[in-house]
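Have a look at coords-v1.csv below; it lists CSV, C-alpha atoms and all ligand atoms.
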chain,number,residue,atom,x,y,z
A,1,MET,CA,-8.2,-38.9,18.4
A,2,HIS,CA,-5.6,-40.8,16.3
A,3,LEU,CA,-2.7,-38.4,16.3
A,4,ASN,CA,-1.0,-40.2,13.6
A,5,ARG,CA,-3.8,-39.2,11.3
A,6,PHE,CA,-4.5,-35.7,12.6
A,7,ASN,CA,-4.6,-33.1,9.8
A,8,LEU,CA,-4.3,-29.4,10.6
A,9,VAL,CA,-4.9,-26.5,8.2
A,10,VAL,CA,-3.3,-23.1,9.1
A,11,ILE,CA,-4.6,-20.1,7.2
A,12,GLY,CA,-2.4,-17.0,7.4
A,13,ALA,CA,1.4,-17.3,8.1
A,14,GLY,CA,2.0,-13.7,9.4
A,15,VAL,CA,3.0,-12.6,12.9
A,16,LEU,CA,0.6,-14.9,14.8
A,17,GLY,CA,0.7,-17.8,12.3
A,18,CYS,CA,4.5,-17.9,12.6
A,19,ALA,CA,4.4,-17.8,16.4
A,20,VAL,CA,1.9,-20.7,16.7
A,21,LEU,CA,3.6,-22.8,14.0
A,22,THR,CA,7.0,-22.3,15.6
A,23,GLN,CA,5.6,-23.4,19.0
A,24,MET,CA,3.8,-26.4,17.7
A,25,VAL,CA,6.4,-27.8,15.4
A,26,GLY,CA,6.5,-31.5,15.6
A,27,ARG,CA,3.7,-31.8,18.2
A,28,TYR,CA,0.2,-33.2,17.8
A,29,PHE,CA,-0.2,-33.2,14.1
A,30,SER,CA,0.8,-35.7,11.4
A,31,SER,CA,0.0,-33.3,8.5
A,32,VAL,CA,0.0,-29.5,8.5
A,33,SER,CA,-1.2,-27.4,5.5
A,34,ILE,CA,-0.2,-23.8,5.4
A,35,VAL,CA,-2.2,-21.3,3.3
A,36,ASP,CA,-0.9,-17.8,2.5
A,37,GLY,CA,-0.6,-15.8,-0.7
A,38,ASP,CA,1.7,-13.1,0.6
A,39,ILE,CA,5.5,-13.0,0.0
A,40,VAL,CA,8.3,-12.5,2.6
A,41,THR,CA,9.7,-9.0,2.8
A,42,GLN,CA,12.6,-7.6,4.7
A,43,LYS,CA,10.1,-5.8,7.0
A,44,ASN,CA,8.6,-9.1,8.1
A,45,LEU,CA,11.8,-10.5,9.5
A,46,LYS,CA,11.7,-8.7,12.8
A,47,ASN,CA,8.5,-10.2,14.0
A,48,GLN,CA,7.9,-13.2,11.7
A,49,ARG,CA,10.9,-15.2,12.8
A,50,LEU,CA,10.1,-18.3,10.8
A,51,TYR,CA,11.5,-16.5,7.8
A,52,SER,CA,15.1,-15.7,6.7
A,53,GLU,CA,16.8,-12.9,4.8
A,54,LYS,CA,17.2,-15.3,1.9
A,55,ASP,CA,13.4,-15.7,1.7
A,56,ALA,CA,13.0,-12.0,1.6
A,57,ALA,CA,15.7,-11.5,-1.1
A,58,GLU,CA,14.0,-14.2,-3.2
A,59,MET,CA,10.5,-12.8,-2.5
A,60,LEU,CA,9.5,-16.3,-1.5
A,61,ASN,CA,5.8,-17.0,-0.9
A,62,LYS,CA,5.1,-17.3,2.9
A,63,SER,CA,3.5,-20.7,2.8
A,64,ARG,CA,6.4,-22.1,0.8
A,65,ALA,CA,9.0,-20.5,3.0
A,66,ALA,CA,7.2,-21.7,6.2
A,67,VAL,CA,7.0,-25.3,4.9
A,68,ALA,CA,10.7,-25.3,4.0
A,69,HIS,CA,11.8,-24.1,7.5
A,70,LEU,CA,9.3,-26.3,9.4
A,71,SER,CA,10.3,-29.4,7.4
A,72,ALA,CA,13.9,-28.7,8.3
A,73,LEU,CA,13.0,-28.5,12.0
A,74,ASN,CA,11.0,-31.7,12.0
A,75,SER,CA,10.8,-34.1,9.1
A,76,SER,CA,8.3,-36.4,10.7
A,77,VAL,CA,5.4,-34.1,9.9
A,78,LYS,CA,4.0,-33.8,6.3
A,79,TYR,CA,3.7,-30.2,5.4
A,80,ASN,CA,1.7,-28.9,2.4
A,81,SER,CA,1.9,-25.4,0.9
A,82,PHE,CA,-1.0,-23.5,-0.5
A,83,PRO,CA,0.6,-20.3,-1.9
A,84,PHE,CA,-2.6,-18.3,-2.5
A,85,TYR,CA,-5.1,-16.1,-0.7
A,86,ILE,CA,-8.1,-18.2,0.3
A,87,GLY,CA,-11.4,-17.4,-1.4
A,88,GLU,CA,-14.8,-19.1,-1.9
A,89,GLN,CA,-13.6,-21.1,-4.9
A,90,ARG,CA,-10.6,-22.7,-3.2
A,91,ILE,CA,-11.6,-23.0,0.5
A,92,LEU,CA,-13.5,-26.3,0.3
A,93,GLY,CA,-10.6,-28.1,-1.5
A,94,VAL,CA,-8.1,-26.8,1.1
A,95,ILE,CA,-10.0,-27.8,4.3
A,96,LYS,CA,-11.6,-31.0,3.2
A,97,GLY,CA,-10.4,-33.8,5.4
A,98,ALA,CA,-9.0,-31.5,8.0
A,99,ASP,CA,-9.5,-32.2,11.7
A,100,LEU,CA,-8.9,-28.7,12.8
A,101,VAL,CA,-8.5,-25.3,11.0
A,102,LEU,CA,-6.6,-22.3,12.5
A,103,ASP,CA,-7.7,-19.0,11.1
A,104,PHE,CA,-5.0,-16.2,11.5
A,105,THR,CA,-6.3,-14.0,8.7
A,106,ASP,CA,-7.1,-10.4,9.3
A,107,ASN,CA,-10.3,-9.4,7.6
A,108,SER,CA,-13.9,-10.3,8.2
A,109,GLU,CA,-14.7,-11.3,4.6
A,110,THR,CA,-12.1,-14.1,4.6
A,111,ARG,CA,-13.0,-15.1,8.1
A,112,LEU,CA,-16.7,-15.5,7.0
A,113,ILE,CA,-15.7,-17.7,4.0
A,114,ILE,CA,-13.6,-19.9,6.3
A,115,ASN,CA,-16.3,-20.0,8.9
A,116,ASP,CA,-19.0,-21.0,6.4
A,117,ALA,CA,-16.8,-23.7,4.9
A,118,CYS,CA,-15.8,-25.2,8.2
A,119,PHE,CA,-19.5,-25.2,9.3
A,120,LYS,CA,-20.4,-27.2,6.1
A,121,PHE,CA,-18.0,-30.0,7.1
A,122,LYS,CA,-18.4,-29.4,10.9
A,123,ILE,CA,-14.6,-29.0,11.2
A,124,PRO,CA,-13.6,-27.3,14.5
A,125,LEU,CA,-12.2,-23.9,13.8
A,126,LEU,CA,-9.9,-21.8,16.0
A,127,ILE,CA,-9.9,-18.1,15.2
A,128,ALA,CA,-7.4,-15.7,16.7
A,129,SER,CA,-6.1,-12.2,16.2
A,130,ILE,CA,-3.7,-9.9,17.9
A,131,ARG,CA,-3.3,-6.1,17.9
A,132,GLY,CA,-0.6,-4.5,19.9
A,133,LYS,CA,-1.0,-5.8,23.4
A,134,ASN,CA,-4.5,-7.2,23.0
A,135,GLY,CA,-5.6,-10.4,21.3
A,136,PHE,CA,-8.3,-13.0,21.3
A,137,PHE,CA,-8.7,-16.6,20.5
A,138,TYR,CA,-11.8,-18.8,20.2
A,139,LEU,CA,-12.3,-22.4,19.4
A,140,ILE,CA,-15.6,-22.8,17.6
A,141,ASP,CA,-17.2,-26.2,18.2
A,142,TRP,CA,-20.4,-25.4,16.3
A,143,LYS,CA,-22.5,-25.9,19.5
A,144,HIS,CA,-21.8,-22.4,20.6
A,145,ALA,CA,-21.6,-19.1,18.6
A,146,CYS,CA,-19.7,-19.2,15.3
A,147,TYR,CA,-17.7,-16.3,13.9
A,148,ASN,CA,-20.7,-15.1,11.9
A,149,CYS,CA,-22.8,-15.1,15.1
A,150,ILE,CA,-20.4,-12.6,16.7
A,151,TYR,CA,-18.6,-10.8,14.0
A,152,THR,CA,-20.7,-7.7,14.1
A,153,ASN,CA,-20.1,-7.3,17.8
A,154,LEU,CA,-16.4,-8.0,17.3
A,155,GLN,CA,-16.0,-5.4,14.7
A,156,LYS,CA,-17.5,-2.8,16.9
A,157,SER,CA,-15.1,-3.5,19.8
A,158,TYR,CA,-12.1,-4.9,18.0
A,159,ASN,CA,-10.4,-3.4,15.0
A,160,GLU,CA,-8.4,-6.3,13.5
A,161,ASN,CA,-5.0,-5.2,12.3
A,162,CYS,CA,-1.8,-6.7,13.3
A,163,ALA,CA,0.3,-3.6,12.7
A,164,ASN,CA,2.5,-2.8,15.7
A,165,THR,CA,2.3,-6.3,16.9
A,166,HIS,CA,5.6,-7.5,18.4
A,167,TYR,CA,7.1,-10.9,18.3
A,168,GLU,CA,7.0,-11.3,22.1
A,169,SER,CA,3.2,-10.5,22.3
A,170,ALA,CA,2.5,-13.0,19.4
A,171,MET,CA,4.6,-15.7,21.2
A,172,ARG,CA,2.6,-15.1,24.4
A,173,LEU,CA,-0.7,-15.4,22.6
A,174,GLY,CA,0.7,-18.4,20.7
A,175,ALA,CA,1.5,-20.1,24.0
A,176,LEU,CA,-2.2,-19.7,25.2
A,177,ILE,CA,-3.5,-21.0,21.8
A,178,GLU,CA,-1.2,-24.0,22.1
A,179,LYS,CA,-2.7,-24.7,25.6
A,180,GLU,CA,-6.2,-24.5,24.1
A,181,LEU,CA,-5.2,-26.9,21.3
A,182,SER,CA,-3.8,-29.5,23.8
A,183,ARG,CA,-7.2,-29.3,25.6
A,184,PHE,CA,-8.9,-30.0,22.3
A,185,ILE,CA,-6.6,-32.9,21.4
A,186,ALA,CA,-7.2,-34.4,24.9
A,187,GLY,CA,-10.9,-34.4,24.0
A,188,ASP,CA,-11.9,-31.6,26.3
A,189,ASN,CA,-14.8,-29.4,25.4
A,190,GLY,CA,-16.5,-26.3,26.7
A,191,PHE,CA,-14.6,-23.8,24.7
A,192,LEU,CA,-15.0,-20.1,25.5
A,193,PHE,CA,-14.3,-16.9,23.7
A,194,ASN,CA,-11.1,-15.5,25.3
A,195,SER,CA,-10.1,-11.9,25.1
A,196,VAL,CA,-6.5,-11.5,26.3
A,197,SER,CA,-4.5,-8.6,27.6
A,198,LEU,CA,-0.9,-9.5,26.8
A,199,ASN,CA,0.5,-7.1,29.3
A,200,THR,CA,-0.8,-9.1,32.2
A,201,ASN,CA,-1.5,-12.4,30.3
A,202,ARG,CA,-5.0,-12.3,31.7
A,203,ALA,CA,-7.8,-13.7,29.7
A,204,HIS,CA,-11.5,-12.7,29.9
A,205,SER,CA,-13.4,-15.8,29.0
A,206,ILE,CA,-17.1,-15.8,28.1
A,207,GLU,CA,-19.5,-18.3,26.7
A,208,ILE,CA,-21.4,-17.0,23.7
A,209,ALA,CA,-24.6,-18.6,22.7
A,210,LYS,CA,-25.6,-19.1,19.0
A,211,ASP,CA,-27.5,-16.4,17.3
A,212,PRO,CA,-30.7,-18.1,16.1
A,213,HIS,CA,-30.7,-15.8,13.0
A,214,CYS,CA,-27.0,-16.4,12.2
A,215,GLY,CA,-26.5,-16.7,8.4
A,216,THR,CA,-24.2,-19.6,8.9
A,217,CYS,CA,-25.3,-21.8,11.8
A,218,GLY,CA,-28.7,-20.3,12.8
A,219,ALA,CA,-32.1,-22.0,12.4
A,220,SER,CA,-33.6,-19.0,10.6
A,221,LYS,CA,-30.9,-17.7,8.4
A,222,HIS,CA,-30.5,-14.2,7.0
A,223,MET,CA,-27.7,-13.1,4.7
A,224,HIS,CA,-24.8,-11.3,6.2
A,225,SER,CA,-24.2,-7.9,4.6
A,226,LEU,CA,-20.6,-7.3,3.5
A,227,ASP,CA,-19.1,-4.2,2.0
A,228,HIS,CA,-17.6,-5.7,-1.2
A,229,GLY,CA,-15.1,-2.9,-1.6
A,230,PHE,CA,-12.0,-2.0,0.0
A,231,ILE,CA,-10.7,-4.0,2.9
A,232,GLN,CA,-8.0,-3.0,5.3
A,233,ALA,CA,-5.6,-5.9,5.6
A,234,CYS,CA,-2.8,-6.8,7.9
A,235,GLY,CA,-0.2,-4.2,8.8
A,236,ASP,CA,0.3,-1.7,6.0
A,237,GLY,CA,-1.0,-4.1,3.4
A,238,LEU,CA,-4.2,-3.0,1.5
A,239,LYS,CA,-6.3,-5.7,0.1
A,240,PHE,CA,-9.4,-5.5,-2.2
A,241,SER,CA,-12.2,-8.0,-2.5
A,242,SER,CA,-12.1,-10.3,-5.4
A,243,GLN,CA,-14.8,-8.3,-7.2
A,244,HIS,CA,-12.1,-5.9,-8.4
A,245,LYS,CA,-9.4,-7.5,-10.5
A,246,ILE,CA,-6.1,-6.2,-11.9
A,247,ASP,CA,-5.2,-7.5,-15.3
A,248,LEU,CA,-1.6,-8.7,-14.9
A,249,ARG,CA,-0.8,-8.2,-18.6
A,250,ALA,CA,-2.0,-4.6,-18.5
A,251,VAL,CA,0.4,-3.9,-15.6
A,252,CYS,CA,3.3,-5.6,-17.4
A,253,ARG,CA,2.6,-3.4,-20.5
A,254,ALA,CA,2.3,-0.2,-18.4
A,255,PHE,CA,5.3,-0.8,-16.2
A,256,PRO,CA,7.6,-3.3,-17.9
A,257,ALA,CA,10.7,-2.2,-15.8
A,258,ALA,CA,8.9,-2.4,-12.5
A,259,ILE,CA,7.6,-5.9,-12.7
A,260,LYS,CA,9.4,-8.8,-11.1
A,261,LYS,CA,8.2,-12.4,-11.3
A,262,ALA,CA,8.1,-14.3,-8.0
A,263,ASN,CA,6.7,-17.8,-7.6
A,264,GLY,CA,4.1,-17.7,-10.3
A,265,GLN,CA,2.9,-14.3,-9.3
A,266,ALA,CA,4.1,-10.8,-10.3
A,267,VAL,CA,5.3,-8.1,-8.0
A,268,PHE,CA,5.1,-4.5,-9.1
A,269,LEU,CA,7.8,-2.6,-7.3
A,270,GLY,CA,6.7,1.0,-6.7
A,271,GLY,CA,9.5,2.2,-4.5
A,272,VAL,CA,11.2,1.5,-1.2
A,273,ASN,CA,8.9,-0.8,0.8
A,274,LYS,CA,6.1,-0.4,-1.7
A,275,HIS,CA,4.9,-3.3,-3.8
A,276,VAL,CA,1.8,-4.7,-5.3
A,277,LEU,CA,1.5,-8.5,-5.4
A,278,ILE,CA,-0.6,-9.6,-8.4
A,279,SER,CA,-1.8,-13.1,-9.0
A,280,ARG,CA,-2.7,-14.5,-12.4
A,281,THR,CA,-6.4,-14.5,-11.4
A,282,GLY,CA,-6.2,-10.8,-10.8
A,283,ASP,CA,-6.3,-10.7,-7.0
A,284,PHE,CA,-3.8,-8.4,-5.5
A,285,LEU,CA,-2.3,-6.9,-2.4
A,286,PHE,CA,-0.8,-3.5,-1.9
A,287,THR,CA,1.9,-3.0,0.7
A,288,GLY,CA,3.2,0.5,1.7
A,289,TYR,CA,0.7,2.4,-0.4
A,290,SER,CA,-1.9,4.8,1.0
A,291,ARG,CA,-5.5,4.1,0.2
A,292,ASN,CA,-5.6,7.0,-2.4
A,293,GLU,CA,-2.4,5.8,-4.1
A,294,ALA,CA,-3.8,2.3,-4.4
A,295,LEU,CA,-7.2,3.5,-5.8
A,296,HIS,CA,-5.4,5.7,-8.3
A,297,PHE,CA,-3.3,2.7,-9.4
A,298,ILE,CA,-6.3,0.5,-9.9
A,299,SER,CA,-8.3,3.3,-11.7
A,300,ARG,CA,-5.4,3.9,-14.1
A,301,LEU,CA,-5.1,0.2,-15.1
A,302,SER,CA,-8.7,-0.8,-15.1
A,303,GLY,CA,-10.1,2.4,-16.6
A,304,VAL,CA,-12.8,2.2,-14.0
A,305,ASN,CA,-13.2,4.8,-11.3
A,306,VAL,CA,-13.0,2.8,-8.1
B,1,ZN,ZN,-23.4,-18.7,13.8
Turn the structure described in the file into structure tokens.
Amino acid sequence: MHLNRFNLVVIGAGVLGCAVLTQMVGRYFSSVSIVDGDIVTQKNLKNQRLYSEKDAAEMLNKSRAAVAHLSALNSSVKYNSFPFYIGEQRILGVIKGADLVLDFTDNSETRLIINDACFKFKIPLLIASIRGKNGFFYLIDWKHACYNCIYTNLQKSYNENCANTHYESAMRLGALIEKELSRFIAGDNGFLFNSVSLNTNRAHSIEIAKDPHCGTCGASKHMHSLDHGFIQACGDGLKFSSQHKIDLRAVCRAFPAAIKKANGQAVFLGGVNKHVLISRTGDFLFTGYSRNEALHFISRLSGVNV
């Protein structure tokens, strides 16, 4: 592997993304692309220590803030920022030419899109998640099970949500992921699915065979069925699938005083620790709202009962 040409793509710069990026800074990779549509808030600073108070005050996009801080720590790496949520339209352009993709997103729909795209180019994909004192990581080599092969089983046993995840646990899982990446760089193979208890740092490692009927990598494919509705996102953020859109102009008209522009996106401020991040394409993310409040907001603006 020519390290001077090694391109890494990191999707999701939240608790775990920050921990891994901080630990890997300046190592292995000549180019690192960071993808995240979220903005830095005051609440993030405790556990996402790549970011500063200034980032939160300026409502800076996470990928842009991460690139600024990492470039200051090590200027020999070329960092690229992709300040949006990944979707089917943009994924191929982002990962094309990558040698490795790290997926630190927090919902199955996005993970499946990333999984399908990486399979298309046969780019190795590391998926990882953390919740409280439990986490997992898995480097998909396309010879064994992919995310789509196992996601139904994962969902039954593992509720992905990084609320209540502390900095220390994320750093511990980040250190294990870094070890796995150094094995990968060294040309090692035989990657296993690792479920980790962060109290003891013990990993349960299992080999998972491909599902022959997998919709992504199987020989006889069937479609994966997804609920194209409401998705619980990371922490107290509530995300909807791209099927539902919020018209940015309608929000600006309805709440002119509560809109703040931040990095090409608009933020609707609904109160202390409550905001809705809205992109020009109509994708959005609620933070601090209950599910019912969020549904009410969307219904009011779209006129559609969601
Ligand atoms: Zn598969």
For this session: Give as an MDAnalysis selection string the residues surrounding ligand ZN 1 (chain B) up to a distance of 12 Å, considering all atoms listed in the file.
Result: chainID A and resid 112 115:116 118:120 140:152 208:224
Exercise. Which residues come within 12 Å of A:Asn194, counting all atoms listed in the file, excluding same-chain residues fewer than 2 positions away, as a list in words?
Worked result: Leu126, Ile127, Ala128, Ser129, Ile130, Asn134, Gly135, Phe136, Phe137, Tyr138, Leu139, Ile140, Leu173, Leu176, Ile177, Glu180, Phe191, Leu192, Val196, Ser197, Leu198, Asn201, Arg202, Ala203, His204, Ser205, Ile206, Glu207 and Ile208 of chain A
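Taking all atoms listed in the file into account, A:Leu181 lies nearest to A:Tyr28 out of the set A:Phe193, A:Tyr28, A:Tyr85, A:Phe104.
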Exercise. What's the 7 Å shell around A:Phe268, counting all atoms listed in the file, without same-chain residues fewer than 5 positions away, as a list in words?
Worked result: Ala258, Ile259, Lys260, His275, Val276 and Leu277 of chain A
Please produce a file of those selected residues containing C-alpha atoms, as a short mmCIF file (atom, residue, chain, number, x, y, z; two decimals), in the coordinates of the input.
data_model
loop_
_atom_site.label_atom_id
_atom_site.label_comp_id
_atom_site.auth_asym_id
_atom_site.auth_seq_id
_atom_site.Cartn_x
_atom_site.Cartn_y
_atom_site.Cartn_z
CA ALA A 258 8.90 -2.40 -12.50
CA ILE A 259 7.60 -5.90 -12.70
CA LYS A 260 9.40 -8.80 -11.10
CA HIS A 275 4.90 -3.30 -3.80
CA VAL A 276 1.80 -4.70 -5.30
CA LEU A 277 1.50 -8.50 -5.40
#
For this session: Go through A:Ile246, A:Thr105, A:Ala19, A:Asp99 one by one, measure the shortest atom-to-atom distance of each to A:Ile185 using all atoms listed in the file, and give the residue with the smallest value.
Result: A:Asp99
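Residues in contact with A:Leu21 at 9 Å, where all atoms listed in the file are counted and same-chain residues fewer than 4 positions away are skipped, are listed as Val10, Ala13, Leu16, Gly17, Val25, Leu50, Ala66, Leu70 and Gly174 of chain A.
Relative to atom CA of A:Ser108, atom CA of A:Glu88 is found at 13.4 Å.
The gap separating atom CA of A:Ala294 from atom CA of A:Leu269 is 12.9 Å, in Å to one decimal.
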For this session: Write out as a list of chain:residue names each polymer residue whose atoms come within 12 Å of A:Ser76, counting only C-alpha atoms; drop sequence neighbours fewer than 5 positions from it.
Result: A:Asn4, A:Val25, A:Gly26, A:Arg27, A:Tyr28, A:Phe29, A:Ser30, A:Ser31, A:Val32, A:Leu70, A:Ser71
Seminar exercise, completed: atom CA of A:Leu248 to atom CA of A:Glu109 measures 23.6 Å
